[in-house]
file start-v1.txt (compact mmCIF, C-alpha atoms)
# COMPACT_ATOMS: atom_id res chain seq x y z
CA MET A 1 0.00 0.00 0.00
CA SER A 2 2.89 2.33 -0.74
CA ASP A 3 0.67 4.62 -2.81
CA VAL A 4 -0.94 5.82 0.42
CA THR A 5 2.14 7.39 1.87
CA ASP A 6 2.01 10.76 0.11
CA ALA A 7 -1.71 11.43 0.44
CA PRO A 8 -2.23 15.17 0.98
CA ARG A 9 -4.53 15.15 4.01
CA THR A 10 -4.24 18.92 4.47
CA ALA A 11 -7.73 19.36 5.86
CA ALA A 12 -7.32 16.45 8.26
CA ASN A 13 -5.03 18.41 10.55
CA GLU A 14 -7.00 21.63 10.08
CA ASP A 15 -10.19 19.96 11.29
CA SER A 16 -8.44 18.18 14.15
CA ALA A 17 -6.41 20.99 15.62
CA THR A 18 -7.37 20.54 19.27
CA SER A 19 -7.96 16.98 20.46
CA THR A 20 -8.31 15.32 23.83
CA GLY A 21 -7.20 11.91 22.56
CA GLY A 22 -9.23 8.92 21.46
CA GLU A 23 -11.73 10.78 19.31
CA PHE A 24 -12.50 10.29 15.63
CA ILE A 25 -10.95 13.25 13.80
CA TRP A 26 -11.22 12.29 10.10
CA TYR A 27 -13.00 9.89 7.76
CA GLU A 28 -11.73 8.56 4.46
CA LEU A 29 -13.29 6.71 1.54
CA ILE A 30 -10.93 4.48 -0.43
CA THR A 31 -12.45 3.85 -3.84
CA PRO A 32 -11.29 2.82 -7.34
CA ASP A 33 -13.47 5.53 -8.91
CA PRO A 34 -13.37 8.92 -7.17
CA VAL A 35 -15.38 10.53 -9.97
CA GLY A 36 -18.14 7.97 -9.57
CA ALA A 37 -17.96 8.33 -5.80
CA LYS A 38 -18.42 12.10 -6.14
CA THR A 39 -21.50 11.66 -8.30
CA PHE A 40 -22.96 9.17 -5.85
CA TYR A 41 -22.26 10.83 -2.49
CA ASP A 42 -22.89 14.38 -3.65
CA ALA A 43 -26.40 13.26 -4.64
CA VAL A 44 -27.05 11.06 -1.60
CA VAL A 45 -25.53 13.19 1.18
CA GLY A 46 -25.37 16.68 -0.32
CA TRP A 47 -21.59 16.92 -0.21
CA ASN A 48 -19.36 18.58 -2.79
CA ILE A 49 -16.36 16.29 -3.28
CA GLU A 50 -13.64 18.24 -5.04
CA ALA A 51 -12.38 17.51 -8.54
CA GLN A 52 -9.11 15.67 -9.07
CA PRO A 53 -6.24 17.71 -7.62
CA SER A 54 -3.03 18.31 -9.49
CA GLY A 55 -0.08 16.04 -8.77
CA GLU A 56 0.46 12.30 -8.74
CA MET A 57 -1.70 11.49 -5.72
CA ASP A 58 -5.45 11.45 -6.26
CA TYR A 59 -6.76 12.53 -2.85
CA ARG A 60 -9.90 14.68 -2.82
CA MET A 61 -11.47 16.61 0.02
CA ILE A 62 -15.14 16.11 0.87
CA GLY A 63 -16.74 19.54 1.15
CA ARG A 64 -19.81 20.19 3.29
CA ALA A 65 -22.50 22.80 2.69
CA ASP A 66 -21.09 24.89 5.56
CA GLY A 67 -17.73 25.24 3.81
CA ARG A 68 -15.87 22.84 6.12
CA MET A 69 -14.58 19.33 5.36
CA ALA A 70 -16.26 16.01 6.12
CA GLY A 71 -13.26 13.85 5.19
CA GLY A 72 -11.34 12.72 2.14
CA VAL A 73 -11.52 10.39 -0.86
CA MET A 74 -8.47 8.38 -1.90
CA ARG A 75 -8.20 6.54 -5.22
CA LEU A 76 -7.68 2.80 -4.80
CA THR A 77 -4.87 1.95 -7.21
CA ASP A 78 -4.01 -1.44 -8.67
CA GLU A 79 -0.91 -1.55 -6.49
CA MET A 80 -2.95 -0.96 -3.35
CA ALA A 81 -5.42 -3.64 -4.41
CA SER A 82 -2.55 -6.08 -4.97
CA HIS A 83 -1.66 -5.63 -1.29
CA GLY A 84 -5.20 -6.43 -0.18
CA ALA A 85 -6.81 -2.99 -0.12
CA ARG A 86 -10.50 -2.79 -1.06
CA PRO A 87 -13.20 -0.12 -1.32
CA ILE A 88 -13.94 0.92 2.25
CA TRP A 89 -14.68 3.78 4.62
CA LEU A 90 -12.02 4.24 7.32
CA GLY A 91 -11.86 6.41 10.42
CA TYR A 92 -8.91 8.22 12.00
CA ILE A 93 -8.54 8.11 15.79
CA ASN A 94 -6.49 10.81 17.49
CA VAL A 95 -3.55 9.68 19.63
CA ASP A 96 -0.77 11.52 21.44
CA ASP A 97 2.00 9.28 20.10
CA VAL A 98 1.46 7.29 16.90
CA ASP A 99 4.48 5.03 17.35
CA ALA A 100 3.56 4.18 20.93
CA SER A 101 -0.03 3.55 19.86
CA VAL A 102 1.05 1.22 17.05
CA ALA A 103 3.29 -0.72 19.42
CA SER A 104 0.45 -1.00 21.92
CA VAL A 105 -1.95 -2.21 19.23
CA GLU A 106 0.53 -4.89 18.20
CA ARG A 107 1.07 -6.03 21.79
CA ALA A 108 -2.69 -6.37 22.15
CA GLY A 109 -2.94 -8.61 19.08
CA GLY A 110 -3.66 -6.05 16.36
CA LYS A 111 -1.72 -5.73 13.12
CA VAL A 112 0.00 -2.93 11.21
CA LEU A 113 -1.26 -2.41 7.66
CA LEU A 114 0.65 0.81 7.01
CA ALA A 115 3.68 1.66 9.14
CA ALA A 116 3.80 5.04 10.84
CA PHE A 117 5.00 7.92 8.69
CA ASP A 118 5.01 11.71 8.70
CA ILE A 119 3.16 14.00 6.34
CA PRO A 120 4.95 17.38 6.56
CA ASP A 121 2.88 20.05 8.32
CA ILE A 122 -0.03 17.60 8.59
CA GLY A 123 0.89 14.99 11.18
CA ARG A 124 1.95 11.41 11.72
CA ILE A 125 -0.35 8.51 10.82
CA ALA A 126 -0.47 4.73 10.65
CA MET A 127 -3.09 2.20 9.58
CA VAL A 128 -3.71 -0.73 11.91
CA THR A 129 -6.31 -3.35 12.70
CA ASP A 130 -7.78 -4.45 15.99
CA PRO A 131 -7.20 -8.09 17.06
CA GLN A 132 -10.34 -9.20 15.19
CA GLY A 133 -9.20 -7.54 11.95
CA ALA A 134 -11.21 -4.30 11.72
CA PRO A 135 -8.97 -1.60 10.15
CA PHE A 136 -8.62 2.04 11.21
CA TYR A 137 -6.03 4.82 11.29
CA VAL A 138 -4.30 6.40 14.26
CA MET A 139 -3.09 9.97 13.83
CA LYS A 140 -1.23 12.70 15.69
CA PRO A 141 -2.18 15.88 13.80
CA VAL A 142 -0.11 19.05 13.62
CA PRO A 143 -2.42 21.99 14.41
CA PRO A 144 -2.18 24.82 11.87
CA ALA A 145 -0.80 28.07 13.19
CA GLY A 146 -3.53 30.21 14.68
CA ARG A 147 -6.01 27.31 14.91
CA GLU A 148 -4.55 25.44 17.86
CA ASN A 149 -7.76 25.77 19.88
CA GLU A 150 -10.14 24.49 17.23
CA LYS A 151 -11.57 21.00 17.45
CA SER A 152 -12.38 18.51 14.72
CA ASP A 153 -16.06 18.54 13.81
CA VAL A 154 -16.19 15.69 11.29
CA PHE A 155 -18.12 13.70 13.91
CA SER A 156 -21.36 15.12 15.28
CA PRO A 157 -24.31 13.24 16.81
CA SER A 158 -26.77 15.68 15.25
CA ALA A 159 -25.30 17.75 12.39
CA GLU A 160 -26.06 16.77 8.79
CA GLN A 161 -23.35 15.82 6.29
CA ARG A 162 -21.15 14.50 9.11
CA VAL A 163 -20.69 11.10 10.65
CA GLY A 164 -23.16 10.82 13.50
CA TRP A 165 -22.45 7.29 14.76
CA ASN A 166 -19.42 4.96 14.76
CA GLU A 167 -20.39 1.29 14.92
CA LEU A 168 -18.01 -1.66 15.21
CA SER A 169 -19.28 -5.05 14.04
CA THR A 170 -16.92 -7.67 15.42
CA SER A 171 -16.53 -11.40 15.90
CA ASP A 172 -15.62 -10.93 19.59
CA PRO A 173 -17.46 -7.99 21.19
CA ALA A 174 -16.06 -8.67 24.69
CA ALA A 175 -12.46 -8.65 23.44
CA ALA A 176 -13.15 -5.54 21.35
CA ARG A 177 -14.52 -3.70 24.38
CA LYS A 178 -11.30 -4.40 26.27
CA PHE A 179 -9.08 -3.52 23.32
CA TYR A 180 -10.61 -0.12 22.57
CA GLY A 181 -10.96 0.66 26.26
CA ASP A 182 -7.27 -0.07 26.84
CA GLN A 183 -6.08 1.71 23.71
CA PHE A 184 -8.23 4.85 23.71
CA GLY A 185 -9.93 5.04 27.10
CA TRP A 186 -13.39 4.36 25.72
CA THR A 187 -16.04 3.05 28.09
CA SER A 188 -18.82 0.63 27.16
CA ASP A 189 -20.80 0.01 30.33
CA ASP A 190 -24.26 0.73 28.92
CA PHE A 191 -25.91 -1.71 26.54
CA MET A 192 -29.14 -2.71 24.88
CA PRO A 193 -30.02 -6.43 24.77
CA MET A 194 -30.73 -7.71 21.26
CA GLY A 195 -31.86 -11.29 21.97
CA GLU A 196 -30.06 -13.86 19.86
CA MET A 197 -27.91 -11.09 18.38
CA GLY A 198 -26.34 -10.45 21.80
CA GLU A 199 -25.69 -7.00 23.25
CA TYR A 200 -25.44 -3.62 21.58
CA ARG A 201 -22.76 -1.92 23.72
CA PHE A 202 -22.66 1.86 23.61
CA LEU A 203 -19.26 3.52 23.35
CA LYS A 204 -18.34 6.71 25.17
CA GLN A 205 -15.24 8.84 24.73
CA ASN A 206 -14.77 11.47 27.43
CA ASP A 207 -18.43 10.92 28.46
CA GLN A 208 -19.68 11.60 24.92
CA GLN A 209 -21.54 8.76 23.26
CA ILE A 210 -19.79 8.13 19.95
CA GLY A 211 -21.13 4.78 18.77
CA ALA A 212 -21.44 1.14 19.69
CA ILE A 213 -20.02 -2.38 19.46
CA CYS A 214 -22.10 -5.30 18.23
CA GLY A 215 -21.65 -8.78 16.80
CA VAL A 216 -20.75 -9.28 13.16
CA GLY A 217 -23.45 -10.46 10.75
CA PRO A 218 -23.33 -13.82 8.96
CA GLY A 219 -20.76 -13.87 6.18
CA GLN A 220 -19.36 -10.44 7.09
CA HIS A 221 -15.91 -9.44 8.26
CA PRO A 222 -15.23 -7.37 11.40
CA GLN A 223 -15.32 -3.71 10.40
CA TRP A 224 -16.17 -0.20 11.44
CA ARG A 225 -19.35 1.30 10.01
CA TYR A 226 -19.82 5.08 9.92
CA TYR A 227 -23.36 6.46 9.76
CA ILE A 228 -23.55 9.73 7.81
CA ARG A 229 -26.43 12.01 8.78
CA VAL A 230 -28.87 13.10 6.08
CA PRO A 231 -32.14 15.06 6.36
CA SER A 232 -34.34 12.29 4.94
CA ILE A 233 -33.57 8.58 4.84
CA GLU A 234 -36.30 7.92 2.29
CA ALA A 235 -34.95 10.59 -0.06
CA ALA A 236 -31.38 9.37 0.44
CA LYS A 237 -32.43 5.79 -0.28
CA VAL A 238 -34.04 6.85 -3.55
CA ALA A 239 -30.92 8.82 -4.51
CA ALA A 240 -28.64 5.91 -3.59
CA GLU A 241 -30.58 3.38 -5.64
CA SER A 242 -30.99 5.80 -8.55
CA GLY A 243 -27.23 6.37 -8.47
CA GLY A 244 -26.35 2.71 -8.77
CA GLY A 245 -26.00 1.84 -5.11
CA SER A 246 -27.78 -0.99 -3.35
CA ILE A 247 -29.53 -1.06 0.02
CA ARG A 248 -29.21 -4.26 2.04
CA MET A 249 -30.90 -3.09 5.25
CA GLY A 250 -33.58 -0.53 5.98
CA PRO A 251 -35.09 1.91 6.22
CA HIS A 252 -35.17 0.79 9.84
CA GLN A 253 -36.10 2.91 12.84
CA VAL A 254 -33.76 2.89 15.84
CA PRO A 255 -34.62 3.66 19.48
CA THR A 256 -33.54 7.32 19.15
CA GLY A 257 -36.34 7.85 16.65
CA ASP A 258 -33.91 8.19 13.76
CA TRP A 259 -34.04 5.96 10.70
CA ILE A 260 -31.06 4.14 9.17
CA VAL A 261 -30.08 2.34 6.00
CA ILE A 262 -26.98 0.28 5.18
CA GLY A 263 -25.89 -0.43 1.64
CA SER A 264 -23.06 -0.51 -0.88
CA ASP A 265 -22.04 2.31 -3.18
CA PRO A 266 -21.51 1.64 -6.92
CA GLN A 267 -17.80 1.03 -6.33
CA GLY A 268 -18.37 -1.60 -3.63
CA ALA A 269 -17.74 0.30 -0.40
CA GLU A 270 -20.31 -0.23 2.33
CA PHE A 271 -22.00 2.97 3.51
CA ALA A 272 -24.50 3.74 6.25
CA LEU A 273 -26.89 6.66 6.67
CA VAL A 274 -28.89 8.00 9.59
CA GLY A 275 -31.59 10.68 9.65
CA GLY A 276 -35.26 11.50 9.77
CA LYS A 277 -37.68 9.45 7.76

call {"tool": "encode", "arguments": {"input": "start-v1.txt", "output": "structure tokens"}}
result
Amino acid sequence: MSDVTDAPRTAANEDSATSTGGEFIWYELITPDPVGAKTFYDAVVGWNIEAQPSGEMDYRMIGRADGRMAGGVMRLTDEMASHGARPIWLGYINVDDVDASVASVERAGGKVLLAAFDIPDIGRIAMVTDPQGAPFYVMKPVPPAGRENEKSDVFSPSAEQRVGWNELSTSDPAAARKFYGDQFGWTSDDFMPMGEMGEYRFLKQNDQQIGAICGVGPGQHPQWRYYIRVPSIEAAKVAAESGGGSIRMGPHQVPTGDWIVIGSDPQGAEFALVGGK
């Protein structure tokens, strides 16, 4: 996955200037067709993914209606695919020391997919997996001058065009609870029983509810799922299907009163949406 190492994540450090540690500070779509992804997500979510930037690396910022960034889109190259990369949404978790975090992940049974490296004036990042195989990034951003006190807002429980829920589907929920608690200080004491499906454990980071841990579905691999908030699930579902995506679950109402759908975009990356009906 050497093509990843020069990705210009300029907005990642701008939107993660002040961090308390352990929070999601950036989201990234890896896709073989950034142009197709723009057409799809701009219509479904209301984003404005930028056109192809100049230079060798095809990394595009996801623009929101408020002028800020929601994340980035990286082109999945043949070389990356040859190393096992696939279309996927990934999250970045803030850490104080990337190298120490990577070493801790490895001691706990996780794996390194992309060794730690520096992006000048942006920060230090690495891609790892938890012990069950779910991938994610860890990052120590470099705050831009004059914006040291700003906080990343790519995650919000209520704001549209941002991720509003981070959900881990895993083959060993108990082990995952311990892993993420040890690594990032997350707590998962509260839960909702789901019968034969086990428990739906709610995750908190610094007392803020950020998502949940649940069991993995039949035939699926352990992975993180990021629910993007939209104004209308029904309208988003129509846009997704009209744009060549497929919906495999929902619309389904959740206890908060929101509605959700889970599907695949035309390039094969799973996506999830949350919002009003």

call {"tool": "atom_distance", "arguments": {"input": "start-v1.txt", "atom1": "CA of Glu23 (chain A)", "atom2": "CA of Asn94 (chain A)"}}
result
5.5 Å

call {"tool": "closest_residue", "arguments": {"input": "start-v1.txt", "among": "A:Gly21, A:Ala37, A:Val154, A:Asp130", "to": "Val98 (chain A)", "atoms": "only C-alpha atoms"}}
result
A:Gly21

call {"tool": "residues_near_point", "arguments": {"input": "start-v1.txt", "point": "(1.2, 15.8, 15.5)", "cutoff": "7 Å", "atoms": "all atoms listed in the file", "output": "PDB file with C-alpha atoms, in the coordinates of the input"}}
result
ATOM      1  CA  GLY A 123       0.890  14.990  11.180  1.00  0.00           C
ATOM      2  CA  ARG A 124       1.950  11.410  11.720  1.00  0.00           C
ATOM      3  CA  LYS A 140      -1.230  12.700  15.690  1.00  0.00           C
ATOM      4  CA  PRO A 141      -2.180  15.880  13.800  1.00  0.00           C
ATOM      5  CA  VAL A 142      -0.110  19.050  13.620  1.00  0.00           C
TER       6      VAL A 142
END

call {"tool": "closest_residue", "arguments": {"input": "start-v1.txt", "among": "A:Arg201, A:Arg248, A:Arg64, A:His83", "to": "Tyr41 (chain A)", "atoms": "only C-alpha atoms"}}
result
A:Arg64

call {"tool": "residues_around", "arguments": {"input": "start-v1.txt", "residues": "Val44 (chain A)", "least_positions_apart": "3", "cutoff": "7 Å", "atoms": "only C-alpha atoms", "output": "list of chain:residue names"}}
result
A:Phe40, A:Tyr41, A:Ala236, A:Ala239, A:Ala240

call {"tool": "closest_residue", "arguments": {"input": "start-v1.txt", "among": "A:Gly215, A:Pro222, A:Pro251, A:Pro266", "to": "Pro193 (chain A)", "atoms": "only C-alpha atoms"}}
result
A:Gly215

call {"tool": "atom_distance", "arguments": {"input": "start-v1.txt", "atom1": "CA of Tyr227 (chain A)", "atom2": "CA of Lys204 (chain A)"}}
result
16.2 Å

call {"tool": "closest_residue", "arguments": {"input": "start-v1.txt", "among": "A:Ser101, A:Gln209, A:Thr77, A:Thr39", "to": "Asp182 (chain A)", "atoms": "all atoms listed in the file"}}
result
A:Ser101

call {"tool": "atom_distance", "arguments": {"input": "start-v1.txt", "atom1": "CA of Gln52 (chain A)", "atom2": "CA of Gln161 (chain A)"}}
result
20.9 Å

call {"tool": "closest_residue", "arguments": {"input": "start-v1.txt", "among": "A:Glu241, A:Trp186, A:Pro157, A:Cys214", "to": "Ser169 (chain A)", "atoms": "only C-alpha atoms"}}
result
A:Cys214

call {"tool": "closest_residue", "arguments": {"input": "start-v1.txt", "among": "A:Ala65, A:Leu113, A:Met57, A:Met139", "to": "Tyr92 (chain A)", "atoms": "all atoms listed in the file"}}
result
A:Met139

call {"tool": "residues_near_point", "arguments": {"input": "start-v1.txt", "point": "(-23.9, -8.4, 25.7)", "cutoff": "9 Å", "atoms": "only C-alpha atoms", "output": "list in words"}}
result
Pro173, Ala174, Phe191, Met192, Pro193, Met194, Met197, Gly198, Glu199, Tyr200, Arg201 and Cys214 of chain A

call {"tool": "axis_aligned_box", "arguments": {"input": "start-v1.txt", "around": "region 271-277 of chain A", "padding_each_side": "8 Å", "output": "lines of an AutoDock Vina configuration file"}}
result
center_x = -29.8
center_y = 7.2
center_z = 6.6
size_x = 31.7
size_y = 24.5
size_z = 22.3
